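Quick notes on the structure that follows.
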Amino acid sequence: MDTTKARNLASSAARSAGRAVAGAVHRGRRSGGPVAQTLTIAVSVGDVYAACRDAEVLDRVFSAGVEDVGVTFEAPRRYRWTVAGTTVETELVVDPHGMSFTEVGSGQRSTGAGPTGEGPAEGSPAEARTLLSVEVHPAPQELGSEVRFVLDLPVPEKVAGALAFTVLYRLRALLQTGEVPTLAEVPSNRRAKGSDA
Amino acid sequence: MRALCWNGVNDLSVETVPDAGIVNPRDVVLRVGLTTTCGSDLHFIDGYLPGMAPGDVFGHEFMGEVVEVGPEVSRVRVGDRVVVPSFIACGACWYCDRQMFSLCDTTNPHAAMQQPVLGYPSGGIYGYTQPFGGYAGSHAEYVRVPFGDVNCFDVPEGVSDVQALFTSDAAPTGFMGADFCDITPGDTVAVFGAGAVGLMAAASARLLGAGRVVVVDRLPERLELARTRVGAETVDYSEVDSVQETLRELTGGRGPDSVIEAVGMEGHGTGVQQVVDRTKQALRLETDRATPLREAALAVRKGGVLAVLGVYGLTDSFPMGVILNKGVTIRAAQQHGQRYVPRLLQHVASGELDTGFLASHHMSLEDSVEGYRIFKEKEDGCLRAVFTPGPVATPAG
């Protein structure tokens with residue numbers, strides 16, 4: 001085998017392996033519908049809920065993730081989510097099970113959607129969507145809190161699972177260290193503008 | 001700044017890239033003093049380890065001078081001469097609390113790429129593929145070090161730059177392997193692989209009280225270093241009929257109490273299995289040539305410890321029956337450098353451990369492409385090529 005063929009073969013194999021990894025990232029994602037992830041974060045239940053009510057925190061952990069998502073505070077219990085150019089107005093709903101950010105619009109809001117992420121109850125307005133549900137319980141052995149996110153964002157299905165994990169990972173990093181791991185301005189010779197992350 | 005970049009399989013070049021800078025408030029920026037090749041880099045250079053992006057600056061074993069600190073850095077000061085372990089630790093998570101720093105739960109920006117492969121992602125590392133974080137590496141004039149107070153270690157007076165350099169990765173990795181072996185005084189420890197990590201594992205086993213250390217390799221110059229620098233006995237596997245028989249004979253039929261594997265996925269060897277591995281790896285039907293790992297599993301005595309330091313992907317034909325029926329304990333990890341670096345610097349300062357001899361070739365960063373070539377080909381007795389960045393560049397070959 002000559003050098004060029006060997007190099008091409010190696011490149012092809014590396015690309016295939018890369019695709020396999022990328023594919024594996026998205027396996028386990030249900031076809032459509034919400035995606036759930038749980039991580040343990042070494043802070044109190046109250047601290048997690050407080051962080052999740054803070055639009056600046058949400059914006060920080062959602063932005064520059066797998067898919068760029070922005071969150072801004074509009075009014076008490078009203079948050080604006082921007083996902084790939086689409087704006088969604090949401091209301092913060094708090095109930096005994098947790099909290100959720102549920103789409104509001106046309107005067108209709110789902111009564112069936114809740115923090116566990118199930119879809120609207122039968123007969124409920126179908127257009128009401130819960131973008132994020134948060135459920136937090138004390139973790140055993142004083143490990144902090146078990147935090148369950150259920151995401152139902154208008155993002156490509158193939159990135160939804162990775163996005164949910166990334167957001168929780170970044171929230172854990174922020175709450176435990178005060179920083180979100182980032183690659184902003186990482187030097188390379190890609191000459192890409194902005195973040196390489 | 002100037003930096004060594006990965007452009008594709010076996011395609012490296014020294015380029016001008018944007019300078020490293022402070023991103024987060026506890027970051028530190030280092031002017032790289034010395035940075036060195038590592039055998040694990042060869043895995044992605046050769047295309048066996050996926051995940052590099054064209055243009056990535058790589059390199060993960062380095063020391064230098066602090067030139068900038070973020071506003072929340074409290075311990076590290078501009079001007080400090082420091083060494084930095086290759087894995088990035090936050091110092092605040094469950095794993096860092098338990099000194100398993102390479103498993104840090106918060107420093108991998110690309111954790112979602114690793115989760116499906118590993119189940120639970122590792123910490124980030126400098127210049128070692130996107131799934132391992134995508135951080136820029138150390139083969140550059142400057143490098144950003146997150147959580148500077150956790151990851152920068154002052155180099156004591158009396159420890160040279162080149163000695164400090166190898167306490168970044170090769171020495172703590174080797175020391176961790178010896179630590180894994182729970183050595184009791186007089187134990188016999190075999191080390192497969194006489195690269196920098198293997199030599200440091202052998203030296204560390206000595207420090208931790210091993211009575212005998214036997215190093216297995218095939219390169220005469222490396223075996224010579226094992227004898228003269230570490231005081232180890234050596235076995236040239238290419239010169240004996242059976243490494244297993246040789247080790248049994250050397251140990252009165254008992255076998256080594258523990259074996260440290262320090263080779264990794266591009267291992268060499270002899271016999272039919274090595275031919276099978278080479279063929280399958282060339283055809284990309286498996287990621288690893290794991291002959292040394294299998295030999296190490298066979299070599300360790302019943303009830304002994306097998307410490308795995310070599311980097312592997314998805315190894316075929318791992319002899320699990322050997323492990324089970326001999327009751328072998330396997331311990332493995334990427335290096336938890338922050339646990340070991342202070343102790344190693346003291347060992348170096350006191351003269352109990354020398355690391356400087358690992359630097360077989362000193363070169364300018366501008367010549368680092370050639371440096372990797374001779375390192376990969378093991379030309380001219382190359383054990384480690386050490387690069388010095390800076391404005392004074394020698395002409396590229």
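To be explicit about the labels: the chains of the structure tokens are called A, B, and onward in the order shown, and within each one the residues are counted from 1, while ligands get numbers from 1 in the order they are shown.
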Pick out the residues sitting within 10 Å of Asp169 of chain B, and hand them over as a VMD selection string; count only C-alpha atoms, and ignore anything fewer than 6 positions along from it in its own chain. chain B and resid 36 38 60 to 62 83 to 87 175 196 to 197 334 to 337 340 to 341
Which of segment 73-108 of chain B counts as strand (DSSP E) under DSSP, as a PDB file with N, CA and C atoms, in the first residue's frame please?
ATOM      1  N   ARG B  81       7.542  30.486  38.379  1.00  0.00           N
ATOM      2  CA  ARG B  81       8.004  29.401  37.501  1.00  0.00           C
ATOM      3  C   ARG B  81       7.234  28.158  37.944  1.00  0.00           C
ATOM      4  N   VAL B  82       6.399  27.640  37.058  1.00  0.00           N
ATOM      5  CA  VAL B  82       5.470  26.592  37.474  1.00  0.00           C
ATOM      6  C   VAL B  82       5.467  25.431  36.480  1.00  0.00           C
ATOM      7  N   VAL B  83       5.011  24.291  36.994  1.00  0.00           N
ATOM      8  CA  VAL B  83       4.732  23.136  36.149  1.00  0.00           C
ATOM      9  C   VAL B  83       3.249  22.836  36.303  1.00  0.00           C
ATOM     10  N   VAL B  84       2.652  22.311  35.217  1.00  0.00           N
ATOM     11  CA  VAL B  84       1.206  22.127  35.157  1.00  0.00           C
ATOM     12  C   VAL B  84       0.896  20.690  34.734  1.00  0.00           C
ATOM     13  N   PHE B  87      -3.922  17.008  32.892  1.00  0.00           N
ATOM     14  CA  PHE B  87      -5.377  17.080  33.044  1.00  0.00           C
ATOM     15  C   PHE B  87      -5.755  18.305  33.871  1.00  0.00           C
ATOM     16  N   ILE B  88      -6.873  18.898  33.520  1.00  0.00           N
ATOM     17  CA  ILE B  88      -7.313  20.142  34.149  1.00  0.00           C
ATOM     18  C   ILE B  88      -8.312  19.811  35.256  1.00  0.00           C
TER      19      ILE B  88
END
Determine the nearest neighbour of Thr72 of chain A from the options A:Ser188, A:Val167, A:Gly105, A:Glu56, counting only C-alpha atoms.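 Of A:Ser188, A:Val167, A:Gly105, A:Glu56, the one nearest Thr72 of chain A is A:Glu56, counting only C-alpha atoms.
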What's around segment 74-76 of chain A at 9 Å? Count only C-alpha atoms, leave out sequence neighbours fewer than 4 positions away in its own chain, and write the answer as a PDB file with all heavy atoms, in the first residue's frame.
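result.pdb written:
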ATOM      1  N   ARG A  80     -38.208  35.047  28.304  1.00  0.00           N
ATOM      2  CA  ARG A  80     -38.194  34.911  26.838  1.00  0.00           C
ATOM      3  C   ARG A  80     -37.047  33.997  26.446  1.00  0.00           C
ATOM      4  O   ARG A  80     -35.888  34.243  26.783  1.00  0.00           O
ATOM      5  CB  ARG A  80     -38.029  36.265  26.166  1.00  0.00           C
ATOM      6  CG  ARG A  80     -37.899  36.164  24.635  1.00  0.00           C
ATOM      7  CD  ARG A  80     -37.860  37.534  24.001  1.00  0.00           C
ATOM      8  NE  ARG A  80     -39.142  38.210  24.182  1.00  0.00           N
ATOM      9  CZ  ARG A  80     -39.304  39.536  24.109  1.00  0.00           C
ATOM     10  NH1 ARG A  80     -38.263  40.306  23.849  1.00  0.00           N
ATOM     11  NH2 ARG A  80     -40.483  40.082  24.288  1.00  0.00           N
ATOM     12  N   GLU A  89     -42.158  32.938  24.310  1.00  0.00           N
ATOM     13  CA  GLU A  89     -42.462  33.533  25.615  1.00  0.00           C
ATOM     14  C   GLU A  89     -42.934  32.424  26.545  1.00  0.00           C
ATOM     15  O   GLU A  89     -43.768  31.599  26.160  1.00  0.00           O
ATOM     16  CB  GLU A  89     -43.570  34.590  25.484  1.00  0.00           C
ATOM     17  CG  GLU A  89     -43.255  35.717  24.515  1.00  0.00           C
ATOM     18  CD  GLU A  89     -42.123  36.615  24.994  1.00  0.00           C
ATOM     19  OE1 GLU A  89     -41.847  36.628  26.209  1.00  0.00           O
ATOM     20  OE2 GLU A  89     -41.497  37.282  24.142  1.00  0.00           O
ATOM     21  N   GLU A  91     -43.912  31.143  30.774  1.00  0.00           N
ATOM     22  CA  GLU A  91     -44.263  31.490  32.151  1.00  0.00           C
ATOM     23  C   GLU A  91     -43.633  30.468  33.079  1.00  0.00           C
ATOM     24  O   GLU A  91     -43.660  29.259  32.799  1.00  0.00           O
ATOM     25  CB  GLU A  91     -45.777  31.497  32.337  1.00  0.00           C
ATOM     26  CG  GLU A  91     -46.179  31.824  33.770  1.00  0.00           C
ATOM     27  CD  GLU A  91     -47.688  31.874  33.949  1.00  0.00           C
ATOM     28  OE1 GLU A  91     -48.406  31.506  32.997  1.00  0.00           O
ATOM     29  OE2 GLU A  91     -48.129  32.271  35.039  1.00  0.00           O
ATOM     30  N   LEU A  92     -43.077  30.956  34.169  1.00  0.00           N
ATOM     31  CA  LEU A  92     -42.526  30.062  35.183  1.00  0.00           C
ATOM     32  C   LEU A  92     -43.675  29.531  36.035  1.00  0.00           C
ATOM     33  O   LEU A  92     -44.410  30.302  36.664  1.00  0.00           O
ATOM     34  CB  LEU A  92     -41.522  30.813  36.058  1.00  0.00           C
ATOM     35  CG  LEU A  92     -41.002  30.069  37.289  1.00  0.00           C
ATOM     36  CD1 LEU A  92     -40.239  28.804  36.896  1.00  0.00           C
ATOM     37  CD2 LEU A  92     -40.117  30.977  38.127  1.00  0.00           C
TER      38      LEU A  92
END
Per DSSP on the backbone, what are the helix (DSSP H, G or I) residues of segment 143-315 of chain B, as a ChimeraX atom specification? /B:148-151,161-165,170-180,196-207,220-230,237-239,243-250,272-282,291-299
Which residue of A:His137, A:Val57, A:Gln37, A:Val150 approaches chain B most closely, using only C-alpha atoms: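 Result for the nearest residue to chain B: A:Gln37.
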Excluding Arg254 of chain B and its own-chain neighbours fewer than 2 positions away, which residues fall within 10 Å of it when counting only C-alpha atoms? Please give them as a list in words. Thr188, Leu247, Arg248, Glu249, Leu250, Thr251, Gly252, Pro256, Asp257, Ala299, Val300, Arg301 and Lys302 of chain B
Output N, CA, C and O atoms for every residue in the selection just made, as an mmCIF file, in the first residue's frame.
data_model
loop_
_atom_site.group_PDB
_atom_site.id
_atom_site.type_symbol
_atom_site.label_atom_id
_atom_site.label_comp_id
_atom_site.auth_asym_id
_atom_site.auth_seq_id
_atom_site.Cartn_x
_atom_site.Cartn_y
_atom_site.Cartn_z
ATOM 1 N N THR B 188 8.630 -7.551 43.845
ATOM 2 C CA THR B 188 9.158 -7.499 42.478
ATOM 3 C C THR B 188 8.105 -6.879 41.569
ATOM 4 O O THR B 188 6.957 -7.319 41.554
ATOM 5 N N LEU B 247 10.371 -14.119 32.782
ATOM 6 C CA LEU B 247 9.970 -13.511 34.057
ATOM 7 C C LEU B 247 9.748 -14.574 35.137
ATOM 8 O O LEU B 247 10.073 -14.352 36.309
ATOM 9 N N ARG B 248 9.236 -15.725 34.737
ATOM 10 C CA ARG B 248 9.064 -16.810 35.724
ATOM 11 C C ARG B 248 10.421 -17.249 36.259
ATOM 12 O O ARG B 248 10.597 -17.464 37.461
ATOM 13 N N GLU B 249 11.374 -17.380 35.346
ATOM 14 C CA GLU B 249 12.715 -17.802 35.772
ATOM 15 C C GLU B 249 13.351 -16.756 36.693
ATOM 16 O O GLU B 249 14.006 -17.090 37.671
ATOM 17 N N LEU B 250 13.146 -15.481 36.362
ATOM 18 C CA LEU B 250 13.737 -14.409 37.171
ATOM 19 C C LEU B 250 13.132 -14.330 38.572
ATOM 20 O O LEU B 250 13.729 -13.762 39.481
ATOM 21 N N THR B 251 11.938 -14.888 38.734
ATOM 22 C CA THR B 251 11.227 -14.727 40.016
ATOM 23 C C THR B 251 10.989 -16.061 40.715
ATOM 24 O O THR B 251 10.054 -16.189 41.517
ATOM 25 N N GLY B 252 11.813 -17.033 40.426
ATOM 26 C CA GLY B 252 11.701 -18.321 41.113
ATOM 27 C C GLY B 252 10.375 -19.020 40.867
ATOM 28 O O GLY B 252 9.885 -19.750 41.739
ATOM 29 N N PRO B 256 6.052 -11.768 38.881
ATOM 30 C CA PRO B 256 6.134 -10.455 39.536
ATOM 31 C C PRO B 256 4.903 -10.207 40.407
ATOM 32 O O PRO B 256 3.790 -10.590 40.050
ATOM 33 N N ASP B 257 5.110 -9.527 41.542
ATOM 34 C CA ASP B 257 3.979 -9.200 42.419
ATOM 35 C C ASP B 257 3.019 -8.221 41.750
ATOM 36 O O ASP B 257 1.823 -8.241 42.012
ATOM 37 N N ALA B 299 1.730 -12.117 32.765
ATOM 38 C CA ALA B 299 2.976 -12.145 33.532
ATOM 39 C C ALA B 299 2.771 -11.991 35.032
ATOM 40 O O ALA B 299 3.550 -12.543 35.825
ATOM 41 N N VAL B 300 1.766 -11.232 35.433
ATOM 42 C CA VAL B 300 1.619 -10.929 36.855
ATOM 43 C C VAL B 300 1.267 -12.205 37.620
ATOM 44 O O VAL B 300 0.578 -13.092 37.105
ATOM 45 N N ARG B 301 1.741 -12.282 38.853
ATOM 46 C CA ARG B 301 1.478 -13.494 39.647
ATOM 47 C C ARG B 301 0.009 -13.576 40.033
ATOM 48 O O ARG B 301 -0.732 -12.602 39.915
ATOM 49 N N LYS B 302 -0.394 -14.731 40.541
ATOM 50 C CA LYS B 302 -1.756 -14.888 41.037
ATOM 51 C C LYS B 302 -1.995 -13.880 42.164
ATOM 52 O O LYS B 302 -1.126 -13.662 43.005
#
Just want the 9 Å neighbourhood of Asp41 of chain B, counted on only C-alpha atoms, with same-chain residues fewer than 3 positions away dropped. Output as a VMD selection string. chain B and resid 37 to 38 44 to 46 58 to 60 128
Find the spatial neighbours of Val159 of chain B, counting only C-alpha atoms, within a cut-off of 8 Å - ignore same-chain residues fewer than 5 positions away - and output them as a ChimeraX atom specification. /B:164,345,348-349
Determine, counting only C-alpha atoms, which protein, DNA and RNA residues have an atom within 10 Å of an atom of Tyr49 of chain A; residues of the same chain fewer than 4 positions away are not included. Present the result as a list in words. Ser44, Val45, Arg53, Asp54, Gly98, Met99, Val134, Glu135, Val136 and Val147 of chain A
Dump as a PDB file, in the first residue's frame, selection limited to C-alpha atoms:
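result_26.pdb, written as the output of this step:
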ATOM      1  CA  SER A  44     -28.713  22.322  48.109  1.00  0.00           C
ATOM      2  CA  VAL A  45     -32.109  21.808  46.507  1.00  0.00           C
ATOM      3  CA  ARG A  53     -35.158  30.970  38.321  1.00  0.00           C
ATOM      4  CA  ASP A  54     -32.265  33.272  37.451  1.00  0.00           C
ATOM      5  CA  GLY A  98     -40.786  21.301  40.717  1.00  0.00           C
ATOM      6  CA  MET A  99     -40.834  24.136  38.265  1.00  0.00           C
ATOM      7  CA  VAL A 134     -36.817  21.119  36.565  1.00  0.00           C
ATOM      8  CA  GLU A 135     -37.229  18.566  39.322  1.00  0.00           C
ATOM      9  CA  VAL A 136     -34.794  18.519  42.230  1.00  0.00           C
ATOM     10  CA  VAL A 147     -31.366  17.529  39.297  1.00  0.00           C
TER      11      VAL A 147
END
Can you measure atom CA of Pro181 of chain A to atom CA of Pro109 of chain B for me? One decimal in Å is fine.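 We find that atom CA of Pro181 of chain A and atom CA of Pro109 of chain B lie 5.2 Å from each other.
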